[in-house]
$ cat run_22.csv   # CSV, C-alpha atoms
chain,number,residue,atom,x,y,z
A,8,GLU,CA,-17.6,-2.0,8.4
A,9,PRO,CA,-15.2,-5.0,8.6
A,10,GLU,CA,-11.5,-4.1,8.8
A,11,VAL,CA,-8.1,-5.6,8.9
A,12,THR,CA,-6.6,-5.6,12.4
A,13,GLN,CA,-2.9,-6.0,13.4
A,14,THR,CA,-1.2,-6.7,16.7
A,15,PRO,CA,0.8,-5.4,18.4
A,16,SER,CA,0.7,-1.8,17.2
A,17,HIS,CA,4.3,-1.3,18.3
A,18,GLN,CA,6.9,-4.0,19.0
A,19,VAL,CA,10.4,-3.4,20.4
A,20,THR,CA,12.9,-6.2,20.2
A,21,GLN,CA,16.6,-6.9,20.5
A,22,MET,CA,18.7,-7.7,17.5
A,23,GLY,CA,18.8,-11.4,16.9
A,24,GLN,CA,15.4,-12.1,18.5
A,25,GLU,CA,12.5,-13.7,16.7
A,26,VAL,CA,9.3,-11.6,16.3
A,27,ILE,CA,5.9,-12.6,15.1
A,28,LEU,CA,3.6,-9.9,13.7
A,29,ARG,CA,-0.1,-10.8,13.7
A,30,CYS,CA,-2.9,-9.8,11.4
A,31,VAL,CA,-6.6,-10.7,11.2
A,32,PRO,CA,-7.7,-10.2,7.7
A,33,ILE,CA,-11.3,-9.4,6.8
A,34,SER,CA,-13.3,-12.6,7.0
A,35,ASN,CA,-14.1,-14.2,3.6
A,36,HIS,CA,-11.2,-12.5,2.0
A,37,LEU,CA,-9.0,-14.9,0.0
A,38,TYR,CA,-5.7,-13.1,-0.6
A,39,PHE,CA,-3.3,-11.8,2.0
A,40,TYR,CA,-0.3,-9.6,1.8
A,41,TRP,CA,2.5,-8.2,3.9
A,42,TYR,CA,4.2,-4.9,3.0
A,43,ARG,CA,7.0,-3.0,4.8
A,44,GLN,CA,7.7,0.7,5.1
A,45,ILE,CA,11.1,1.8,6.4
A,46,LEU,CA,10.7,5.2,8.1
A,47,GLY,CA,10.5,8.0,5.5
A,48,GLN,CA,10.5,5.6,2.6
A,49,LYS,CA,7.9,4.1,0.3
A,50,VAL,CA,5.8,1.1,1.0
A,51,GLU,CA,7.3,-2.1,-0.3
A,52,PHE,CA,5.7,-5.4,-1.1
A,53,LEU,CA,7.0,-8.4,0.8
A,54,VAL,CA,4.8,-11.4,0.1
A,55,SER,CA,1.4,-12.5,-1.0
A,56,PHE,CA,-0.4,-15.6,0.2
A,57,TYR,CA,-3.3,-17.5,-1.3
A,58,ASN,CA,-4.8,-20.9,-0.7
A,59,ASN,CA,-2.4,-21.6,2.1
A,60,GLU,CA,0.7,-21.0,0.2
A,61,ILE,CA,3.0,-18.1,-0.9
A,62,SER,CA,1.9,-16.9,-4.3
A,63,GLU,CA,4.6,-14.3,-4.8
A,64,LYS,CA,7.5,-12.9,-2.8
A,65,SER,CA,9.9,-10.0,-3.2
A,66,GLU,CA,13.7,-10.1,-3.0
A,67,ILE,CA,13.3,-8.6,0.5
A,68,PHE,CA,11.5,-11.7,1.7
A,69,ASP,CA,14.5,-13.9,2.3
A,70,ASP,CA,14.9,-17.0,4.5
A,71,GLN,CA,14.6,-14.9,7.7
A,72,PHE,CA,11.0,-14.3,6.9
A,73,SER,CA,8.1,-16.7,6.9
A,74,VAL,CA,4.3,-16.4,6.8
A,75,GLU,CA,1.6,-18.6,8.1
A,76,ARG,CA,-2.1,-18.8,8.4
A,77,PRO,CA,-2.3,-21.1,11.4
A,78,ASP,CA,-6.1,-21.0,11.7
A,79,GLY,CA,-9.0,-19.7,9.8
A,80,SER,CA,-8.5,-16.1,11.0
A,81,ASN,CA,-4.9,-15.1,11.7
A,82,PHE,CA,-2.2,-14.4,9.2
A,83,THR,CA,1.3,-14.0,10.7
A,84,LEU,CA,4.7,-12.7,9.6
A,85,LYS,CA,7.7,-14.2,11.4
A,86,ILE,CA,11.2,-12.7,11.4
A,87,ARG,CA,13.5,-15.4,12.7
A,88,SER,CA,16.6,-13.3,13.7
A,89,THR,CA,15.9,-9.6,13.5
A,90,LYS,CA,18.4,-7.1,12.2
A,91,LEU,CA,18.6,-3.4,12.8
A,92,GLU,CA,17.5,-2.9,9.2
A,93,ASP,CA,14.2,-4.7,9.9
A,94,SER,CA,13.0,-1.7,11.8
A,95,ALA,CA,10.0,-0.5,9.9
A,96,MET,CA,6.3,-0.3,9.8
A,97,TYR,CA,4.7,-3.6,8.6
A,98,PHE,CA,1.3,-3.5,7.0
A,99,CYS,CA,-0.9,-6.4,6.4
A,100,ALA,CA,-3.6,-6.3,3.7
A,101,SER,CA,-6.3,-8.6,2.4
A,102,ARG,CA,-8.3,-8.8,-0.8
A,103,PRO,CA,-11.6,-10.4,-1.4
A,104,GLY,CA,-11.0,-11.9,-4.9
A,105,TRP,CA,-13.3,-11.8,-7.9
A,106,PRO,CA,-15.3,-9.8,-8.7
A,107,ARG,CA,-13.7,-7.2,-6.4
A,108,ASP,CA,-10.3,-8.0,-7.6
A,109,ASN,CA,-7.4,-5.7,-6.7
A,110,GLU,CA,-9.2,-3.9,-3.9
A,111,GLN,CA,-6.8,-4.4,-1.1
A,112,PHE,CA,-7.7,-3.4,2.4
A,113,PHE,CA,-4.8,-2.4,4.7
A,114,GLY,CA,-4.5,-2.8,8.5
A,115,PRO,CA,-3.2,0.0,10.7
A,116,GLY,CA,0.3,-1.4,10.7
A,117,THR,CA,2.8,-2.7,13.3
A,118,ARG,CA,5.8,-0.5,14.0
A,119,LEU,CA,8.8,-2.8,14.6
A,120,THR,CA,11.8,-1.3,16.4
A,121,VAL,CA,15.0,-3.4,16.5
A,122,LEU,CA,17.6,-2.3,19.0
B,9,ALA,CA,8.3,-4.7,-14.5
B,10,GLN,CA,5.9,-2.3,-13.0
B,11,LYS,CA,7.1,1.1,-11.7
B,12,VAL,CA,5.5,4.2,-10.2
B,13,THR,CA,7.2,7.6,-10.2
B,14,GLN,CA,6.1,10.5,-8.0
B,15,ALA,CA,8.6,13.2,-9.0
B,16,GLN,CA,7.4,15.7,-6.4
B,17,THR,CA,9.1,14.8,-3.1
B,18,GLU,CA,7.6,17.6,-1.1
B,19,ILE,CA,5.0,20.3,-1.8
B,20,SER,CA,4.1,23.2,0.4
B,21,VAL,CA,1.0,25.3,-0.1
B,22,VAL,CA,-1.1,27.8,1.7
B,23,GLU,CA,-4.6,26.9,2.8
B,24,LYS,CA,-7.2,27.2,0.1
B,25,GLU,CA,-4.7,26.8,-2.7
B,26,ASP,CA,-5.3,24.1,-5.3
B,27,VAL,CA,-2.6,21.5,-5.5
B,28,THR,CA,-1.9,18.7,-8.0
B,29,LEU,CA,0.2,15.6,-7.1
B,30,ASP,CA,1.7,13.9,-10.1
B,31,CYS,CA,2.0,10.2,-10.7
B,32,VAL,CA,3.5,8.4,-13.7
B,33,TYR,CA,3.5,4.7,-14.1
B,34,GLU,CA,5.1,2.0,-16.2
B,35,THR,CA,3.6,-1.4,-17.0
B,36,ARG,CA,3.5,-4.0,-19.7
B,37,ASP,CA,0.1,-5.3,-18.8
B,38,THR,CA,-3.0,-4.1,-20.6
B,39,THR,CA,-5.2,-4.7,-17.5
B,40,TYR,CA,-4.0,-2.9,-14.4
B,41,TYR,CA,-5.3,-0.8,-11.5
B,42,LEU,CA,-4.1,2.5,-10.1
B,43,PHE,CA,-4.6,3.7,-6.6
B,44,TRP,CA,-4.0,6.7,-4.4
B,45,TYR,CA,-3.4,6.4,-0.7
B,46,LYS,CA,-3.1,9.0,2.0
B,47,GLN,CA,-0.7,8.5,5.0
B,48,PRO,CA,-1.3,11.0,7.8
B,49,PRO,CA,1.3,11.5,10.5
B,50,SER,CA,-0.4,8.7,12.5
B,51,GLY,CA,1.0,6.3,9.9
B,52,GLU,CA,-2.0,4.3,8.6
B,53,LEU,CA,-2.7,4.0,4.9
B,54,VAL,CA,-6.0,5.5,3.9
B,55,PHE,CA,-7.5,4.4,0.6
B,56,LEU,CA,-8.6,7.3,-1.6
B,57,ILE,CA,-9.4,5.8,-5.0
B,58,ARG,CA,-8.9,2.9,-7.4
B,59,ARG,CA,-9.2,3.1,-11.2
B,60,ASN,CA,-8.9,0.3,-13.7
B,61,SER,CA,-7.0,0.6,-17.0
B,62,PHE,CA,-10.2,0.5,-19.0
B,63,ASP,CA,-11.8,3.4,-17.3
B,64,GLU,CA,-10.2,6.7,-18.2
B,65,GLN,CA,-13.1,8.8,-17.0
B,66,ASN,CA,-11.9,11.5,-14.6
B,67,GLU,CA,-13.4,11.3,-11.2
B,68,ILE,CA,-14.4,14.0,-8.6
B,69,SER,CA,-15.1,13.3,-5.0
B,70,GLY,CA,-15.7,16.5,-3.0
B,71,ARG,CA,-12.5,18.5,-3.1
B,72,TYR,CA,-10.6,15.6,-4.6
B,73,SER,CA,-10.3,14.9,-8.3
B,74,TRP,CA,-8.3,12.5,-10.4
B,75,ASN,CA,-7.1,12.8,-14.0
B,76,PHE,CA,-6.2,9.4,-15.6
B,77,GLN,CA,-4.4,9.7,-19.0
B,78,LYS,CA,-3.3,6.4,-20.6
B,79,SER,CA,-1.6,8.3,-23.4
B,80,THR,CA,0.9,9.8,-21.0
B,81,SER,CA,0.8,7.0,-18.4
B,82,SER,CA,-0.3,9.4,-15.7
B,83,PHE,CA,-2.8,9.4,-12.9
B,84,ASN,CA,-2.6,12.8,-11.3
B,85,PHE,CA,-4.5,13.8,-8.1
B,86,THR,CA,-5.8,17.4,-7.5
B,87,ILE,CA,-7.0,18.8,-4.2
B,88,THR,CA,-9.1,21.9,-4.6
B,89,ALA,CA,-9.1,24.5,-1.8
B,90,SER,CA,-6.6,22.6,0.3
B,91,GLN,CA,-7.0,22.5,4.1
B,92,VAL,CA,-4.5,21.9,6.9
B,93,VAL,CA,-6.0,18.5,7.5
B,94,ASP,CA,-4.9,17.5,4.0
B,95,SER,CA,-1.3,17.6,5.2
B,96,ALA,CA,0.0,14.0,4.7
B,97,VAL,CA,2.2,11.8,2.5
B,98,TYR,CA,0.3,10.7,-0.6
B,99,PHE,CA,1.2,7.5,-2.4
B,100,CYS,CA,0.3,6.5,-5.9
B,101,ALA,CA,0.3,2.7,-6.5
B,102,LEU,CA,-0.1,0.3,-9.4
B,103,SER,CA,-1.3,-3.3,-9.5
B,104,GLU,CA,-1.0,-5.4,-12.6
B,105,ALA,CA,-3.8,-7.9,-13.1
B,106,GLU,CA,-2.0,-10.2,-15.4
B,107,THR,CA,1.7,-10.7,-14.4
B,108,SER,CA,2.3,-9.9,-10.8
B,109,GLY,CA,-0.4,-11.5,-8.7
B,110,SER,CA,-2.0,-8.1,-7.9
B,111,ARG,CA,0.7,-6.9,-5.5
B,112,LEU,CA,0.8,-3.2,-5.2
B,113,THR,CA,3.9,-1.2,-6.3
B,114,PHE,CA,4.0,2.1,-4.6
B,115,GLY,CA,5.7,5.4,-5.7
B,116,GLU,CA,8.0,7.2,-3.4
B,117,GLY,CA,5.3,9.4,-2.1
B,118,THR,CA,4.7,13.1,-2.0
B,119,GLN,CA,4.8,15.0,1.3
B,120,LEU,CA,2.1,17.6,1.2
B,121,THR,CA,2.2,20.4,3.8
B,122,VAL,CA,-0.8,22.8,3.9
B,123,ASN,CA,0.0,25.9,5.9
B,124,PRO,CA,-2.7,28.0,7.5
$ encode --input "run_22.csv" --output "structure tokens"
Amino acid sequence: EPEVTQTPSHQVTQMGQEVILRCVPISNHLYFYWYRQILGQKVEFLVSFYNNEISEKSEIFDDQFSVERPDGSNFTLKIRSTKLEDSAMYFCASRPGWPRDNEQFFGPGTRLTVL
Amino acid sequence: AQKVTQAQTEISVVEKEDVTLDCVYETRDTTYYLFWYKQPPSGELVFLIRRNSFDEQNEISGRYSWNFQKSTSSFNFTITASQVVDSAVYFCALSEAETSGSRLTFGEGTQLTVNP
């Protein structure tokens, strides 16, 4: 069964460094998402992406964050200058679109540790 | 704005007990979807169920059952005859079809511990 994949599974970086988290959504899905989960807390929406542009973003998704779909398969989340509070699990998700609306498939997550 | 409340932060039961996890939601949309996810210690999110707002029929899947009541805005999850492998954090989530682009809003989660 097709699945969403994410790389790396764990990323350790120094504060102030740029990181890129990578996701490969399920092929032929149309909608893509990033969510964040700080350790011990709930999962929070960051951004949604459709038709090569951001369709919605949360207040967490500030100028330090950006997303891109550089080719037909990858979907990336970039954090330009990481802060300690960016340490979290980052989940990518994809959705096929009508008629299977709202059925989001999650990747296994990337654990980001900022030192 | 959409909101999901899981009032039970932690629940501890003994194996074979039944346990119900509560979920209350708020939304202004008439079309919406409700979900339950399981997050085991390994960290991934495991999809359990999705219901749309027009389908209030309760559902049973093995030891799992879900009770959706629009009148009380609740979507509760019951595990019958719990097992140690059920130990995990369980999240309820809501997606509005009309106003929020289908992003998921999660509750705070309930940590379920099933003791042998």
$ interface_residues --input "run_22.csv" --of "chain B" --to "chain A" --cutoff "6 Å" --atoms "only C-alpha atoms" --output "list of chain:residue names"
B:Glu52, B:Phe114, B:Glu116
$ closest_residue --input "run_22.csv" --among "B:Ser95, B:Ser73, B:Ser82, B:Ser103" --to "B:Asp30" --atoms "all atoms listed in the file"
B:Ser82
$ atom_distance --input "run_22.csv" --atom1 "atom CA of B:Leu29" --atom2 "atom CA of B:Arg111"
22.6 Å
$ atom_distance --input "run_22.csv" --atom1 "atom CA of A:Ala100" --atom2 "atom CA of A:Asp70"
21.4 Å
$ atom_distance --input "run_22.csv" --atom1 "atom CA of A:Ser88" --atom2 "atom CA of B:Thr113"
26.6 Å
$ closest_residue --input "run_22.csv" --among "B:Glu104, B:Asp37, B:Glu67, B:Glu18" --to "B:Thr86" --atoms "only C-alpha atoms"
B:Glu67
$ residues_around --input "run_22.csv" --residues "B:Leu56" --least-positions-apart "5" --cutoff "12 Å" --atoms "all atoms listed in the file" --output "compact mmCIF listing (two decimals) with C-alpha atoms, keeping the file's coordinate frame"
# COMPACT_ATOMS: atom_id res chain seq x y z
CA GLU A 110 -9.20 -3.90 -3.90
CA GLN A 111 -6.80 -4.40 -1.10
CA PHE A 112 -7.70 -3.40 2.40
CA LEU B 42 -4.10 2.50 -10.10
CA PHE B 43 -4.60 3.70 -6.60
CA TRP B 44 -4.00 6.70 -4.40
CA TYR B 45 -3.40 6.40 -0.70
CA LYS B 46 -3.10 9.00 2.00
CA GLN B 47 -0.70 8.50 5.00
CA GLU B 67 -13.40 11.30 -11.20
CA ILE B 68 -14.40 14.00 -8.60
CA SER B 69 -15.10 13.30 -5.00
CA GLY B 70 -15.70 16.50 -3.00
CA ARG B 71 -12.50 18.50 -3.10
CA TYR B 72 -10.60 15.60 -4.60
CA SER B 73 -10.30 14.90 -8.30
CA TRP B 74 -8.30 12.50 -10.40
CA PHE B 85 -4.50 13.80 -8.10
CA ILE B 87 -7.00 18.80 -4.20
CA TYR B 98 0.30 10.70 -0.60
CA PHE B 99 1.20 7.50 -2.40
CA CYS B 100 0.30 6.50 -5.90
CA ALA B 101 0.30 2.70 -6.50
$ closest_residue --input "run_22.csv" --among "A:Thr14, A:Ile67, A:Glu8, A:Gly104" --to "A:Phe82" --atoms "all atoms listed in the file"
A:Thr14
$ closest_residue --input "run_22.csv" --among "A:Arg43, A:Ile27, A:Pro32, A:Leu119" --to "A:Val74" --atoms "all atoms listed in the file"
A:Ile27
$ closest_residue --input "run_22.csv" --among "B:Thr38, B:Asn66, B:Gln16, B:Thr121" --to "B:Phe83" --atoms "all atoms listed in the file"
B:Asn66
$ closest_residue --input "run_22.csv" --among "A:Leu91, A:Cys99, A:Leu84, A:Leu37" --to "A:Thr12" --atoms "all atoms listed in the file"
A:Cys99
